[in-house]
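Undergrad: My structure is in structure_7.txt, and what it holds is compact mmCIF, C-alpha atoms:
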```txt
# COMPACT_ATOMS: atom_id res chain seq x y z
CA MET B 29 0.00 0.00 0.00
CA ILE B 30 1.30 3.46 -0.90
CA SER B 31 1.53 5.72 2.11
CA ILE B 32 0.85 9.39 1.42
CA SER B 33 2.22 11.82 3.96
CA SER B 34 -0.42 13.96 5.65
CA LEU B 35 1.84 17.02 5.30
CA GLU B 36 2.78 16.24 1.69
CA ASN B 37 1.50 19.56 0.33
CA ILE B 38 2.49 21.96 3.09
CA HIS B 39 5.77 20.87 4.68
CA GLN B 40 8.47 22.72 2.73
CA LYS B 41 12.13 22.57 3.60
CA GLY B 42 14.02 25.77 4.30
CA LEU B 43 14.48 28.61 6.74
CA PHE B 44 11.44 30.62 7.81
CA GLY B 45 10.43 33.42 10.15
CA ASN B 46 12.84 35.63 12.04
CA TYR B 47 15.97 33.58 11.32
CA GLU B 48 18.22 36.28 9.89
CA GLY B 49 21.34 37.06 11.85
CA LYS B 50 20.96 33.92 13.93
CA ASP B 51 23.15 30.85 14.04
CA GLU B 52 21.41 28.18 11.96
CA ASN B 53 22.37 25.52 14.46
CA GLU B 54 20.54 27.38 17.21
CA LEU B 55 17.23 27.49 15.32
CA ILE B 56 14.34 25.18 16.09
CA THR B 57 14.08 22.42 13.53
CA ILE B 58 10.73 21.03 12.44
CA SER B 59 10.40 17.74 10.65
CA GLU B 60 7.65 15.36 9.76
CA ILE B 61 8.20 11.82 10.99
CA LYS B 62 6.86 9.11 8.70
CA ASN B 63 6.72 5.35 8.67
CA LEU B 64 6.23 4.86 12.37
CA LEU B 65 4.18 2.03 13.78
CA ILE B 66 1.63 3.58 16.13
CA VAL B 67 -0.56 1.19 18.07
CA GLN B 68 -3.14 1.97 20.71
CA ILE B 69 -3.56 -0.66 23.40
CA VAL B 70 -6.53 -0.50 25.76
CA LYS B 71 -7.26 -2.98 28.53
CA TYR B 72 -10.98 -3.66 28.98
CA LYS B 73 -12.46 -2.42 32.24
CA LYS B 74 -13.74 -5.85 33.26
CA SER B 75 -10.47 -7.61 32.49
CA VAL B 76 -8.53 -8.96 35.47
CA PHE B 77 -5.41 -9.67 33.41
CA SER B 78 -2.24 -8.40 35.10
CA ILE B 79 -0.14 -6.11 32.88
CA ASN B 80 2.96 -7.00 34.90
CA ASN B 81 3.16 -10.23 32.87
CA ILE B 82 3.44 -8.36 29.60
CA ASN B 83 6.83 -7.75 28.10
CA ILE B 84 7.34 -6.28 24.62
CA GLU B 85 10.96 -6.54 23.48
CA GLY B 86 12.04 -6.33 27.12
CA ILE B 87 9.80 -3.36 27.92
CA LYS B 88 6.87 -3.40 30.32
CA LEU B 89 3.73 -1.29 30.05
CA PRO B 90 4.11 1.87 32.17
CA ASN B 91 1.52 2.36 34.89
CA GLU B 92 1.94 5.94 36.04
CA THR B 93 1.14 9.33 34.62
CA LEU B 94 3.64 10.98 32.19
CA LYS B 95 5.71 7.78 32.07
CA VAL B 96 7.33 6.41 28.91
CA ASN B 97 9.14 3.07 28.89
CA CYS B 98 11.50 2.78 25.95
CA ASN B 99 14.49 1.33 24.18
CA ASN B 100 16.19 2.38 20.94
CA ASN B 101 13.34 1.54 18.56
CA LEU B 102 10.29 1.19 20.80
CA ARG B 103 8.48 3.63 23.06
CA ILE B 104 5.41 2.82 25.15
CA LEU B 105 3.52 5.89 26.33
CA TRP B 106 1.07 5.99 29.24
CA CYS B 107 -2.03 7.70 27.87
CA GLY B 108 -4.47 7.06 30.70
CA PRO B 109 -5.53 4.27 33.06
CA ASP B 110 -5.21 0.98 31.14
CA ASN B 111 -4.47 2.90 27.93
CA TRP B 112 -1.13 2.95 26.12
CA LEU B 113 0.32 4.17 22.85
CA LEU B 114 3.08 2.09 21.38
CA ILE B 115 5.46 3.79 18.93
CA SER B 116 8.03 1.82 17.00
CA THR B 117 10.19 2.05 13.91
CA ASN B 118 9.83 -1.70 13.45
CA LYS B 119 6.58 -2.27 11.55
CA GLU B 120 6.87 -6.04 11.92
CA LEU B 121 6.21 -5.63 15.62
CA LEU B 122 2.46 -5.44 15.00
CA ASN B 123 2.23 -9.21 14.46
CA ASP B 124 3.97 -9.87 17.77
CA ILE B 125 1.70 -7.41 19.55
CA ASN B 126 -1.43 -9.03 18.18
CA LYS B 127 -0.19 -12.40 19.42
CA LEU B 128 0.77 -11.01 22.82
CA PHE B 129 -2.49 -9.26 23.64
CA ASN B 130 -5.51 -11.50 24.08
CA SER B 131 -8.56 -10.00 22.34
CA ASN B 132 -10.73 -10.88 25.35
CA ASP B 133 -8.70 -8.55 27.57
CA PHE B 134 -7.29 -5.90 25.23
CA ALA B 135 -8.28 -3.79 22.24
CA VAL B 136 -5.31 -3.35 19.93
CA THR B 137 -5.72 -0.73 17.18
CA ASP B 138 -3.19 0.18 14.52
CA LEU B 139 -3.22 3.98 14.26
CA SER B 140 -0.14 4.28 12.02
CA HIS B 141 -2.06 5.90 9.15
CA SER B 142 -4.32 8.09 11.25
CA ARG B 143 -1.81 10.34 12.96
CA THR B 144 0.36 13.25 11.87
CA VAL B 145 3.72 13.26 13.62
CA ILE B 146 5.83 16.41 13.90
CA GLU B 147 9.19 16.57 15.64
CA LEU B 148 10.56 19.76 17.17
CA VAL B 149 14.23 19.93 18.08
CA GLY B 150 15.92 22.85 19.78
CA LYS B 151 16.43 24.50 23.13
CA ASN B 152 13.27 26.63 22.66
CA ALA B 153 10.98 23.71 21.78
CA LYS B 154 9.14 23.93 25.10
CA GLU B 155 8.70 27.69 24.73
CA ILE B 156 7.03 27.13 21.36
CA LEU B 157 4.58 24.66 22.87
CA LYS B 158 3.82 26.98 25.79
CA LYS B 159 2.34 29.45 23.30
CA GLY B 160 -0.62 27.19 22.53
CA CYS B 161 -0.74 24.53 25.22
CA PRO B 162 -1.80 25.03 28.87
CA PHE B 163 0.39 22.23 30.26
CA ASP B 164 3.19 23.18 32.67
CA PHE B 165 6.17 22.21 30.51
CA ASP B 166 8.70 22.84 33.25
CA ASN B 167 7.49 19.52 34.71
CA LEU B 168 8.07 17.61 31.48
CA GLN B 169 11.32 15.65 31.59
CA LYS B 170 13.10 13.32 29.21
CA ASN B 171 11.02 10.20 28.50
CA ASN B 172 7.79 11.80 29.66
CA CYS B 173 4.60 12.05 27.64
CA VAL B 174 1.38 13.97 28.02
CA ASN B 175 -1.98 14.33 26.29
CA SER B 176 -3.10 17.91 26.02
CA VAL B 177 -4.39 20.54 23.59
CA PHE B 178 -2.52 22.96 21.31
CA ASN B 179 -4.69 25.85 20.13
CA GLY B 180 -7.75 23.63 20.54
CA ILE B 181 -6.27 20.58 18.81
CA THR B 182 -5.92 17.45 20.93
CA ILE B 183 -2.33 16.23 20.81
CA THR B 184 0.03 13.73 22.39
CA ILE B 185 3.44 15.08 23.36
CA ASP B 186 6.40 12.74 23.72
CA MET B 187 9.66 14.14 25.06
CA LEU B 188 12.51 12.11 23.58
CA ASN B 189 15.46 14.12 24.80
CA ASP B 190 16.23 17.18 26.89
CA ASN B 191 19.65 18.26 25.61
CA PRO B 192 18.63 19.75 23.24
CA ASN B 193 14.89 19.39 23.68
CA LYS B 194 13.54 16.87 21.22
CA ILE B 195 9.77 16.62 21.27
CA ARG B 196 7.49 14.50 19.12
CA LEU B 197 3.93 15.71 18.62
CA PHE B 198 1.08 13.48 17.49
CA SER B 199 -2.23 14.82 16.27
CA LEU B 200 -5.14 13.28 14.43
CA ARG B 201 -4.26 13.13 10.72
CA SER B 202 -7.33 15.20 9.82
CA PHE B 203 -6.02 18.00 12.04
CA GLY B 204 -2.48 17.61 10.70
CA GLU B 205 -2.36 20.61 8.38
CA SER B 206 -4.01 22.97 10.89
CA PHE B 207 -1.72 21.70 13.60
CA TYR B 208 1.36 22.13 11.41
CA HIS B 209 0.37 25.74 10.62
CA SER B 210 -0.32 26.36 14.28
CA VAL B 211 3.12 25.10 15.33
CA THR B 212 5.01 26.87 12.55
CA ASP B 213 3.18 30.14 13.31
CA ALA B 214 4.36 29.82 16.90
CA CYS B 215 7.92 29.29 15.64
CA LEU B 216 8.04 32.36 13.37
CA GLU B 217 9.04 34.71 16.17
CA ASP B 218 12.30 32.82 16.78
CA GLY B 219 12.78 31.61 13.23
CA PHE B 220 12.85 27.93 12.34
CA LYS B 221 14.37 25.45 9.99
CA ALA B 222 12.11 22.92 8.28
CA ILE B 223 13.97 19.74 7.36
CA MET N 28 -9.89 29.73 33.79
CA LEU N 29 -10.19 26.76 36.13
CA HIS N 30 -7.44 24.34 37.01
CA ILE N 31 -8.82 20.90 37.74
CA LYS N 32 -6.85 18.18 39.47
CA CYS N 33 -7.54 15.02 37.49
CA PRO N 34 -7.23 12.01 39.87
CA HIS N 35 -5.34 10.18 37.12
CA CYS N 36 -3.11 12.89 35.55
CA GLY N 37 -2.72 15.66 38.13
CA LEU N 38 -3.41 19.39 37.85
CA ARG N 39 -4.56 20.40 34.35
CA SER N 40 -6.18 23.35 32.65
CA GLN N 41 -9.93 23.49 32.11
CA ASN N 42 -9.19 23.59 28.34
CA GLU N 43 -8.54 19.86 28.46
CA PHE N 44 -11.91 19.06 30.05
CA ALA N 45 -15.53 18.97 28.94
CA TYR N 46 -18.32 19.64 31.43
CA GLY N 47 -20.61 16.67 31.95
CA GLY N 48 -23.42 17.92 34.18
CA ASP N 49 -24.69 17.20 37.67
CA ALA N 50 -22.98 14.17 39.25
CA SER N 51 -25.57 13.72 41.97
CA VAL N 52 -28.28 12.53 39.56
CA LYS N 53 -28.86 8.81 39.96
CA ARG N 54 -30.18 6.70 37.12
CA PRO N 55 -33.26 4.63 38.13
CA GLU N 56 -32.32 1.03 38.84
CA LEU N 57 -32.34 -1.38 35.92
CA ASN N 58 -35.46 -3.57 35.55
CA LYS N 59 -37.30 -1.49 38.13
CA GLU N 60 -40.65 -0.02 37.09
CA VAL N 61 -40.28 3.72 36.59
CA SER N 62 -43.13 6.20 36.29
CA ASP N 63 -43.15 8.82 33.55
CA LYS N 64 -42.75 11.48 36.18
CA GLU N 65 -39.65 9.83 37.68
CA TRP N 66 -38.14 9.31 34.23
CA ASN N 67 -38.86 12.91 33.25
CA HIS N 68 -37.21 14.04 36.46
CA PHE N 69 -34.13 11.91 35.79
CA VAL N 70 -33.72 12.99 32.16
CA TYR N 71 -34.66 16.68 32.23
CA LEU N 72 -34.94 18.27 35.62
CA ARG N 73 -31.84 19.74 37.22
CA LYS N 74 -31.26 22.05 40.13
CA SER N 75 -29.29 25.21 39.45
CA LEU N 76 -27.48 25.48 42.72
CA ARG N 77 -25.54 28.47 43.94
CA GLY N 78 -22.77 27.08 46.08
CA LYS N 79 -21.19 23.67 46.55
CA HIS N 80 -22.05 21.38 43.68
CA LEU N 81 -20.95 17.91 42.58
CA GLU N 82 -20.22 17.81 38.85
CA LEU N 83 -19.07 15.37 36.21
CA TRP N 84 -16.17 16.40 33.98
CA HIS N 85 -14.61 14.47 31.11
CA HIS N 86 -10.85 14.74 30.68
CA ILE N 87 -11.42 14.60 26.95
CA SER N 88 -8.01 15.87 25.82
CA GLY N 89 -6.09 14.02 28.52
CA CYS N 90 -6.68 10.55 29.90
CA ARG N 91 -10.26 10.49 28.54
CA GLN N 92 -11.67 9.45 31.90
CA TRP N 93 -14.80 10.79 33.53
CA ILE N 94 -14.21 12.35 36.94
CA LYS N 95 -16.28 13.96 39.68
CA VAL N 96 -15.50 17.48 40.83
CA GLN N 97 -16.85 19.19 43.93
CA ARG N 98 -16.98 22.88 43.02
CA ASP N 99 -18.55 26.08 44.30
CA THR N 100 -20.63 27.47 41.43
CA ALA N 101 -20.43 31.01 42.83
CA THR N 102 -16.71 31.28 43.57
CA HIS N 103 -15.43 28.49 41.24
CA GLU N 104 -13.38 27.12 44.12
CA ILE N 105 -12.70 23.42 43.66
CA PHE N 106 -12.76 21.47 46.92
CA LYS N 107 -12.10 17.93 45.81
CA THR N 108 -11.93 15.67 42.76
CA PHE N 109 -12.72 11.96 42.57
CA LYS N 110 -12.61 9.10 40.12
CA ALA N 111 -16.05 8.55 38.58
CA SER N 112 -16.43 5.26 40.43
CA GLU N 113 -15.71 6.81 43.83
CA GLU N 114 -18.39 8.05 46.22
CA ILE N 115 -17.96 10.90 48.70
```
What does this structure look like when you write it as structure tokens?

TA:
Amino acid sequence: MISISSLENIHQKGLFGNYEGKDENELITISEIKNLLIVQIVKYKKSVFSINNINIEGIKLPNETLKVNCNNNLRILWCGPDNWLLISTNKELLNDINKLFNSNDFAVTDLSHSRTVIELVGKNAKEILKKGCPFDFDNLQKNNCVNSVFNGITITIDMLNDNPNKIRLFSLRSFGESFYHSVTDACLEDGFKAI
Amino acid sequence: MLHIKCPHCGLRSQNEFAYGGDASVKRPELNKEVSDKEWNHFVYLRKSLRGKHLELWHHISGCRQWIKVQRDTATHEIFKTFKASEEI
């Protein structure tokens, strides 16, 4: 199946905004991340199955707010009680996941084609998000995630690194273009580099 | 702007929540005979209290859980929040 990027027509590479006279390496970079496996896992309310027994490539499901359990190519985000988002670069993992999670206890949904993923990298990445999102970003550390809103658009924020700040943003694909414009508008003041 | 402490996620802005109405309304028991008047009361009639009020809120842009919030409708002070399954 041919995968068409949700930002195909609007994400253009280059320097934008108030970038003149600034070191290019200091600018925020914005990129679209494609070809990720994104899977939502939800445990049914009536299920008594213990999640402690579950191990995906050596990683357990996190069970506390903001928590992300990860290795080099797999991240499992806590999205709510008994609700996780699994992000991986290995698309073959979906078969293993379907085998691992019993359909009587869990709902496993492949969301890979229904999300737009934008990555912000730079020391001001949190400041950009503060312009449209009410979350207290000073509390967001490396390997934390949060569901919130950005200018009215529901998003998932995944903090991959803190030196420099590297933040992945997930929105519904149908909101992708609006969300991209919203983020890039917030970046204009500092200038940004689209890659 | 309110800040609501979600029992699952912690303190969050009202922007992430959707109001869900009076939390003190009890649905008539299943399989019990209900008069039209009782049903009408359950579906439509609500008090418009000034003061302490128990409300349902949905953390729609967060953990997507329903929660109960005890709030003063005059001052907007929030006294306590609960999981939807918890009783006071």

Undergrad: What does the distance between CA of Ile104 (chain B) and CA of Pro90 (chain B) come to in Å, to one decimal place?

TA: 7.2 Å

Undergrad: Which residues come within 8 Å of Gly48 (chain N), counting all atoms listed in the file, excluding same-chain residues fewer than 4 positions away, as a list in words?

TA: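 The filter keeps Glu82, Leu83 and Trp84 of chain N.
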
Undergrad: Write out, as a CSV table (one decimal), keeping the file's coordinate frame, the residues just selected, with C-alpha atoms.

TA:
```
chain,number,residue,atom,x,y,z
N,82,GLU,CA,-20.2,17.8,38.8
N,83,LEU,CA,-19.1,15.4,36.2
N,84,TRP,CA,-16.2,16.4,34.0
```

Undergrad: With a distance threshold of 8 Å and counting all atoms listed in the file, extract the residues of chain N near chain B and express them as a PyMOL selection string.

TA: chain N and resi 35-36+39-40+42-43+88-92

Undergrad: Write out as a PyMOL selection string each polymer residue whose atoms come within 12 Å of Cys215 (chain B), counting all atoms listed in the file; drop sequence neighbours fewer than 6 positions from it.

TA: chain B and resi 43-47+55-58+148-150+152-160+208-209+221-222

Undergrad: Could you please take those selected residues and save C-alpha atoms as a PDB file, keeping the file's coordinate frame?

TA:
```pdb
ATOM      1  CA  LEU B  43      14.480  28.610   6.740  1.00  0.00           C
ATOM      2  CA  PHE B  44      11.440  30.620   7.810  1.00  0.00           C
ATOM      3  CA  GLY B  45      10.430  33.420  10.150  1.00  0.00           C
ATOM      4  CA  ASN B  46      12.840  35.630  12.040  1.00  0.00           C
ATOM      5  CA  TYR B  47      15.970  33.580  11.320  1.00  0.00           C
ATOM      6  CA  LEU B  55      17.230  27.490  15.320  1.00  0.00           C
ATOM      7  CA  ILE B  56      14.340  25.180  16.090  1.00  0.00           C
ATOM      8  CA  THR B  57      14.080  22.420  13.530  1.00  0.00           C
ATOM      9  CA  ILE B  58      10.730  21.030  12.440  1.00  0.00           C
ATOM     10  CA  LEU B 148      10.560  19.760  17.170  1.00  0.00           C
ATOM     11  CA  VAL B 149      14.230  19.930  18.080  1.00  0.00           C
ATOM     12  CA  GLY B 150      15.920  22.850  19.780  1.00  0.00           C
ATOM     13  CA  ASN B 152      13.270  26.630  22.660  1.00  0.00           C
ATOM     14  CA  ALA B 153      10.980  23.710  21.780  1.00  0.00           C
ATOM     15  CA  LYS B 154       9.140  23.930  25.100  1.00  0.00           C
ATOM     16  CA  GLU B 155       8.700  27.690  24.730  1.00  0.00           C
ATOM     17  CA  ILE B 156       7.030  27.130  21.360  1.00  0.00           C
ATOM     18  CA  LEU B 157       4.580  24.660  22.870  1.00  0.00           C
ATOM     19  CA  LYS B 158       3.820  26.980  25.790  1.00  0.00           C
ATOM     20  CA  LYS B 159       2.340  29.450  23.300  1.00  0.00           C
ATOM     21  CA  GLY B 160      -0.620  27.190  22.530  1.00  0.00           C
ATOM     22  CA  TYR B 208       1.360  22.130  11.410  1.00  0.00           C
ATOM     23  CA  HIS B 209       0.370  25.740  10.620  1.00  0.00           C
ATOM     24  CA  LYS B 221      14.370  25.450   9.990  1.00  0.00           C
ATOM     25  CA  ALA B 222      12.110  22.920   8.280  1.00  0.00           C
TER      26      ALA B 222
END
```

Undergrad: Using all atoms listed in the file, determine which residues lie at most 8 Å from Gly204 (chain B), disregarding the query and same-chain residues fewer than 3 positions distant; provide the list as a PyMOL selection string.

TA: chain B and resi 34-35+143-144+199-201+207-208

Undergrad: Hey, which of N:Lys95, N:Asn58, N:Thr102, N:Trp66 ends up closest to Lys79 (chain N)? Count only C-alpha atoms.

TA: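 Using only C-alpha atoms, Lys79 (chain N) sits closest to N:Thr102.
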
Undergrad: Just give me the gap between CA of Ser140 (chain B) and CA of Lys95 (chain B) in Å, one decimal is fine.

TA: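 Calculated distance between CA of Ser140 (chain B) and CA of Lys95 (chain B) is 21.2 Å.
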
Undergrad: Quick one: residues within 12 Å of Glu56 (chain N), all atoms listed in the file counted, chain neighbours fewer than 3 positions away excluded, as a list in words?

TA: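 My list of contacting residues is Lys53, Lys59, Glu60, Val61, Glu65, Trp66 and Phe69 of chain N.
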